[in-house]
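Worksheet: the structure to be examined is printed underneath.
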Protein chains: 2
Amino acid sequence: MSKERRKRLEQALRGAGVRVTRQRAALLGVIAAASDHPDAAELHARAVAAGAGVSLATVYRTLTTLQAQGVIDKLEFQGEPARWEAADEAHHDHMIDLDSGAVIEFTDDRIERLQAEIAAEMGYEIVHHRLELYVRKSRG
Amino acid sequence: MSKERRKRLEQALRGAGVRVTRQRAALLGVIAAASDHPDAAELHARAVAAGAGVSLATVYRTLTTLQAQGVIDKLEFQGEPARWEAADEAHHDHMIDLDSGAVIEFTDDRIERLQAEIAAEMGYEIVHHRLELYVRKSRG
DNA sequence: TGACAGTTGCGAATGATTCGCATATCCATG
DNA sequence: CATGGATATGCGAATCATTCGCAACTGTCA
């Protein structure tokens, strides 16, 4: 994330009445830098490791706030603590490798279309959805 | 569920080394009778209302056991307590009406096929998956 | 029928997340 | 660039769903 982009983002938050505090800036940085999908405790650890004094409670509150602003997404996989990721321009779904725990992102327009179609057939419109594939490497 | 079917099911459980206790039989009954998707507390309440003495802890343990036997399925929707349903012959996905909280079941072979296809393309095979559509009635 | 591994009930423990409240801090405004 | 006052923060206590420890039972199968 460029400094330019960061500035614009922070300005947008301010515009929405959300203060950009030291703690929030630190978390934005940690999340932007993450290429994986960390949970609250992990984000807290990284922020602290980066020298930011932040409490776990504030991490939780900030995550909720940033999610409400559409800046990050919350991932709730089967029974484990919630994980977070920077909100991407494009929506994507997740594939979870059961052996390694790795989370792989993917998109498929055909599936997106089908979902909308199915909902429409039953008189509904989709507000949001969740598609998770729990997978294992194919025997080669 | 016929008495015949019930007997076969209980026999199968015994065969797997799972005792069919008073409490478990009661829960099987409650789950079979449910047309909705109750959580553990609700199942406990119904079992108690039906005259079965069961503790909540046992309800939890039994649900886990029955799930391991493939008799019931666990549903974990966004942030609410887990819900349960009798394992159906056929797999199905869920649509959650955000206004009423109603859970609607549906299946679509095209989606199932696409999922398998996508996973295969990336060198994986699906162990299980989860597709939830959070919806709202279309403006009519 | 008897033995005993599998179950139950209870209450205490857990783990993730949230809350209350007193204190500290952003930042639009002057 | 100082300041007010709404917003945030930190701390520990509180919640909520779920799990556990352990002593007392009870299906099952021989």
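The chains in the structure tokens are called A, B, ... from first to last as shown; in each chain the residues are counted from 1, and the ligands are counted from 1 in the order shown.
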
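Around DG27 (chain D), within 10 Å and counting only C-alpha atoms (C1' of nucleotides), the residues found are Arg14, Val18, Arg19, Val20, Thr21 and Arg22 of chain B; DG6 and DT7 of chain C, once anything fewer than 3 positions away on its own chain is removed.
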
Keeping only C-alpha atoms (C1' of nucleotides), write those residues as a short mmCIF file (atom, residue, chain, number, x, y, z; two decimals), in the first residue's frame.
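The resulting file, result_24.cif, is reproduced below:
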```cif
data_model
loop_
_atom_site.label_atom_id
_atom_site.label_comp_id
_atom_site.auth_asym_id
_atom_site.auth_seq_id
_atom_site.Cartn_x
_atom_site.Cartn_y
_atom_site.Cartn_z
CA ARG B 14 -24.55 -49.87 18.78
CA VAL B 18 -22.06 -46.11 20.71
CA ARG B 19 -24.51 -46.85 23.49
CA VAL B 20 -28.09 -45.89 22.94
CA THR B 21 -28.91 -44.34 26.30
CA ARG B 22 -32.18 -42.83 27.40
"C1'" DG C 6 -18.88 -46.00 28.00
"C1'" DT C 7 -22.06 -42.20 29.89
#
```

What are the nearest atom pairs, with distances in Å to one decimal, for all residues of chain D that come at most 12 Å from chain A, using only C-alpha atoms (C1' of nucleotides), set out by chain and rising residue number as a Markdown table?
```
| residue | atom | partner | partner_atom | distance |
| --- | --- | --- | --- | --- |
| D:DA6 | C1' | A:Gly17 | CA | 10.5 |
| D:DT7 | C1' | A:Arg19 | CA | 7.3 |
| D:DA8 | C1' | A:Thr21 | CA | 7.9 |
| D:DT9 | C1' | A:Thr58 | CA | 6.8 |
| D:DG10 | C1' | A:Ser55 | CA | 6.6 |
| D:DC11 | C1' | A:Ser55 | CA | 9.0 |
| D:DG12 | C1' | A:Ala57 | CA | 10.9 |
| D:DA17 | C1' | A:Gly79 | CA | 11.1 |
| D:DT18 | C1' | A:Gly79 | CA | 10.7 |
```

Present chain A as an mmCIF file with C-alpha atoms, in the first residue's frame, least-squares fitted onto chain B over all of its C-alpha atoms paired in order.
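The result, stored in superposed_9.cif:
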```cif
data_model
loop_
_atom_site.group_PDB
_atom_site.id
_atom_site.type_symbol
_atom_site.label_atom_id
_atom_site.label_comp_id
_atom_site.auth_asym_id
_atom_site.auth_seq_id
_atom_site.Cartn_x
_atom_site.Cartn_y
_atom_site.Cartn_z
ATOM 1 C CA MET A 1 -39.057 -41.234 11.037
ATOM 2 C CA SER A 2 -40.684 -44.648 11.250
ATOM 3 C CA LYS A 3 -40.168 -46.918 14.234
ATOM 4 C CA GLU A 4 -38.539 -49.333 11.823
ATOM 5 C CA ARG A 5 -36.089 -46.770 10.639
ATOM 6 C CA ARG A 6 -35.348 -45.654 14.176
ATOM 7 C CA LYS A 7 -34.565 -49.195 15.179
ATOM 8 C CA ARG A 8 -32.186 -49.666 12.308
ATOM 9 C CA LEU A 9 -30.448 -46.431 13.157
ATOM 10 C CA GLU A 10 -30.031 -47.370 16.802
ATOM 11 C CA GLN A 11 -28.733 -50.752 15.804
ATOM 12 C CA ALA A 12 -26.190 -49.094 13.553
ATOM 13 C CA LEU A 13 -25.047 -46.878 16.390
ATOM 14 C CA ARG A 14 -24.647 -49.850 18.687
ATOM 15 C CA GLY A 15 -22.679 -51.588 16.004
ATOM 16 C CA ALA A 16 -20.320 -48.621 15.990
ATOM 17 C CA GLY A 17 -19.821 -48.999 19.721
ATOM 18 C CA VAL A 18 -22.112 -46.111 20.552
ATOM 19 C CA ARG A 19 -24.520 -46.809 23.368
ATOM 20 C CA VAL A 20 -28.109 -45.828 22.862
ATOM 21 C CA THR A 21 -28.880 -44.347 26.227
ATOM 22 C CA ARG A 22 -32.137 -42.843 27.371
ATOM 23 C CA GLN A 23 -30.688 -39.384 26.776
ATOM 24 C CA ARG A 24 -29.452 -40.147 23.295
ATOM 25 C CA ALA A 25 -32.695 -41.752 22.265
ATOM 26 C CA ALA A 26 -34.532 -38.681 23.486
ATOM 27 C CA LEU A 27 -32.277 -36.377 21.499
ATOM 28 C CA LEU A 28 -32.623 -38.466 18.382
ATOM 29 C CA GLY A 29 -36.345 -38.117 18.763
ATOM 30 C CA VAL A 30 -36.206 -34.367 19.247
ATOM 31 C CA ILE A 31 -33.940 -33.906 16.260
ATOM 32 C CA ALA A 32 -36.015 -36.145 14.041
ATOM 33 C CA ALA A 33 -39.114 -34.208 15.008
ATOM 34 C CA ALA A 34 -37.557 -30.806 14.367
ATOM 35 C CA SER A 35 -38.352 -29.164 11.080
ATOM 36 C CA ASP A 36 -36.219 -26.167 11.930
ATOM 37 C CA HIS A 37 -32.533 -25.880 12.839
ATOM 38 C CA PRO A 38 -32.233 -25.642 16.641
ATOM 39 C CA ASP A 39 -29.103 -24.945 18.646
ATOM 40 C CA ALA A 40 -27.897 -26.997 21.617
ATOM 41 C CA ALA A 41 -29.792 -24.969 24.210
ATOM 42 C CA GLU A 42 -33.013 -25.281 22.246
ATOM 43 C CA LEU A 43 -32.594 -29.019 21.773
ATOM 44 C CA HIS A 44 -31.950 -29.321 25.481
ATOM 45 C CA ALA A 45 -35.096 -27.376 26.265
ATOM 46 C CA ARG A 46 -37.168 -29.546 23.937
ATOM 47 C CA ALA A 47 -35.770 -32.770 25.341
ATOM 48 C CA VAL A 48 -36.516 -31.622 28.862
ATOM 49 C CA ALA A 49 -39.975 -30.463 27.834
ATOM 50 C CA ALA A 50 -40.529 -33.929 26.393
ATOM 51 C CA GLY A 51 -39.900 -35.371 29.800
ATOM 52 C CA ALA A 52 -36.353 -36.587 29.302
ATOM 53 C CA GLY A 53 -33.893 -35.806 32.056
ATOM 54 C CA VAL A 54 -30.819 -34.620 30.199
ATOM 55 C CA SER A 55 -28.116 -32.175 31.118
ATOM 56 C CA LEU A 56 -26.866 -29.532 28.739
ATOM 57 C CA ALA A 57 -23.372 -30.988 28.886
ATOM 58 C CA THR A 58 -24.713 -34.310 27.705
ATOM 59 C CA VAL A 59 -26.587 -32.612 24.908
ATOM 60 C CA TYR A 60 -23.321 -31.162 23.677
ATOM 61 C CA ARG A 61 -21.506 -34.451 24.013
ATOM 62 C CA THR A 62 -24.274 -36.320 22.266
ATOM 63 C CA LEU A 63 -24.412 -33.872 19.405
ATOM 64 C CA THR A 64 -20.701 -34.304 18.853
ATOM 65 C CA THR A 65 -21.060 -38.069 18.968
ATOM 66 C CA LEU A 66 -23.976 -38.170 16.573
ATOM 67 C CA GLN A 67 -22.151 -35.878 14.204
ATOM 68 C CA ALA A 68 -19.120 -38.155 14.266
ATOM 69 C CA GLN A 69 -21.479 -40.987 13.307
ATOM 70 C CA GLY A 70 -22.801 -38.950 10.435
ATOM 71 C CA VAL A 71 -26.295 -38.945 11.882
ATOM 72 C CA ILE A 72 -26.594 -35.176 12.181
ATOM 73 C CA ASP A 73 -24.940 -32.102 10.689
ATOM 74 C CA LYS A 74 -23.602 -29.054 12.452
ATOM 75 C CA LEU A 75 -24.386 -25.641 10.999
ATOM 76 C CA GLU A 76 -22.278 -22.692 12.028
ATOM 77 C CA PHE A 77 -23.762 -19.467 10.798
ATOM 78 C CA GLN A 78 -22.129 -16.102 11.291
ATOM 79 C CA GLY A 79 -21.453 -15.637 14.969
ATOM 80 C CA GLU A 80 -24.527 -17.323 16.372
ATOM 81 C CA PRO A 81 -24.440 -20.551 18.387
ATOM 82 C CA ALA A 82 -24.137 -23.691 16.266
ATOM 83 C CA ARG A 83 -27.352 -25.205 14.975
ATOM 84 C CA TRP A 84 -28.061 -28.805 14.114
ATOM 85 C CA GLU A 85 -30.115 -30.785 11.657
ATOM 86 C CA ALA A 86 -30.746 -34.429 10.883
ATOM 87 C CA ALA A 87 -28.258 -35.571 8.272
ATOM 88 C CA ASP A 88 -30.107 -35.744 5.023
ATOM 89 C CA GLU A 89 -29.507 -38.328 2.364
ATOM 90 C CA ALA A 90 -28.692 -35.556 -0.030
ATOM 91 C CA HIS A 91 -26.314 -32.730 0.643
ATOM 92 C CA HIS A 92 -27.808 -29.278 0.563
ATOM 93 C CA ASP A 93 -26.766 -25.691 1.152
ATOM 94 C CA HIS A 94 -28.441 -22.958 3.157
ATOM 95 C CA MET A 95 -30.017 -19.629 2.503
ATOM 96 C CA ILE A 96 -30.558 -17.436 5.549
ATOM 97 C CA ASP A 97 -33.310 -14.824 5.450
ATOM 98 C CA LEU A 98 -31.740 -11.905 7.291
ATOM 99 C CA ASP A 99 -35.084 -10.426 8.233
ATOM 100 C CA SER A 100 -36.903 -13.447 9.552
ATOM 101 C CA GLY A 101 -33.926 -15.599 10.511
ATOM 102 C CA ALA A 102 -35.470 -18.451 8.562
ATOM 103 C CA VAL A 103 -33.119 -21.030 7.114
ATOM 104 C CA ILE A 104 -34.021 -22.327 3.689
ATOM 105 C CA GLU A 105 -32.372 -25.392 2.245
ATOM 106 C CA PHE A 106 -31.518 -25.776 -1.391
ATOM 107 C CA THR A 107 -29.327 -27.749 -3.756
ATOM 108 C CA ASP A 108 -27.944 -27.065 -7.150
ATOM 109 C CA ASP A 109 -25.892 -29.590 -9.033
ATOM 110 C CA ARG A 110 -24.353 -26.941 -11.214
ATOM 111 C CA ILE A 111 -22.801 -25.255 -8.206
ATOM 112 C CA GLU A 112 -21.612 -28.547 -6.775
ATOM 113 C CA ARG A 113 -19.971 -29.394 -10.073
ATOM 114 C CA LEU A 114 -18.337 -26.011 -10.429
ATOM 115 C CA GLN A 115 -16.870 -26.233 -6.963
ATOM 116 C CA ALA A 116 -15.291 -29.586 -7.652
ATOM 117 C CA GLU A 117 -13.994 -28.272 -10.938
ATOM 118 C CA ILE A 118 -12.421 -25.191 -9.405
ATOM 119 C CA ALA A 119 -10.747 -27.197 -6.665
ATOM 120 C CA ALA A 120 -9.459 -29.712 -9.174
ATOM 121 C CA GLU A 121 -7.972 -26.962 -11.329
ATOM 122 C CA MET A 122 -5.882 -25.911 -8.365
ATOM 123 C CA GLY A 123 -4.822 -29.447 -7.534
ATOM 124 C CA TYR A 124 -7.214 -30.059 -4.692
ATOM 125 C CA GLU A 125 -10.138 -32.263 -3.928
ATOM 126 C CA ILE A 126 -13.008 -31.088 -1.784
ATOM 127 C CA VAL A 127 -13.449 -32.756 1.583
ATOM 128 C CA HIS A 128 -16.489 -30.718 2.438
ATOM 129 C CA HIS A 129 -17.741 -27.257 1.779
ATOM 130 C CA ARG A 130 -20.003 -24.591 3.051
ATOM 131 C CA LEU A 131 -22.180 -22.319 0.993
ATOM 132 C CA GLU A 132 -24.447 -19.853 2.706
ATOM 133 C CA LEU A 133 -26.476 -17.165 1.037
ATOM 134 C CA TYR A 134 -27.563 -14.369 3.348
ATOM 135 C CA VAL A 135 -30.624 -12.996 1.626
ATOM 136 C CA ARG A 136 -33.549 -10.651 1.818
ATOM 137 C CA LYS A 137 -36.905 -10.871 0.046
ATOM 138 C CA SER A 138 -36.769 -9.165 -3.331
ATOM 139 C CA ARG A 139 -38.713 -5.976 -3.608
ATOM 140 C CA GLY A 140 -41.860 -7.014 -5.314
#
```

Practice item. List every residue of region 10-131 of chain B that DSSP, applied to the backbone of this structure, places in alpha helix (DSSP H), and write the result as a PyMOL selection string. Key: chain B and resi 10-15+22-33+40-49+56-68+109-121

Check your understanding: Mind checking DSSP for chain B and telling me the strand (DSSP E or B) residues as an MDAnalysis selection string?
Key -> chainID B and resid 39 72:75 83:86 93:97 103:106 124:137

Check your understanding: Residues of chain C within 12 Å of chain B, using only C-alpha atoms (C1' of nucleotides), as a VMD selection string?
Key -> chain C and resid 5 to 11 16 to 17

Check your understanding: When you draw a straight line from C1' of DA24 (chain C) to C1' of DA2 (chain D), how long is it in Å?
Key ->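 Atom-to-atom, C1' of DA24 (chain C) to C1' of DA2 (chain D), that is 17.3 Å.
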
Review point. For DA14 (chain D), which residue among C:DC19, C:DT14, C:DC26, C:DA3 is the nearest when counting only C-alpha atoms (C1' of nucleotides)?
Key: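 Nearest candidate to DA14 (chain D) out of C:DC19, C:DT14, C:DC26, C:DA3: C:DC19.
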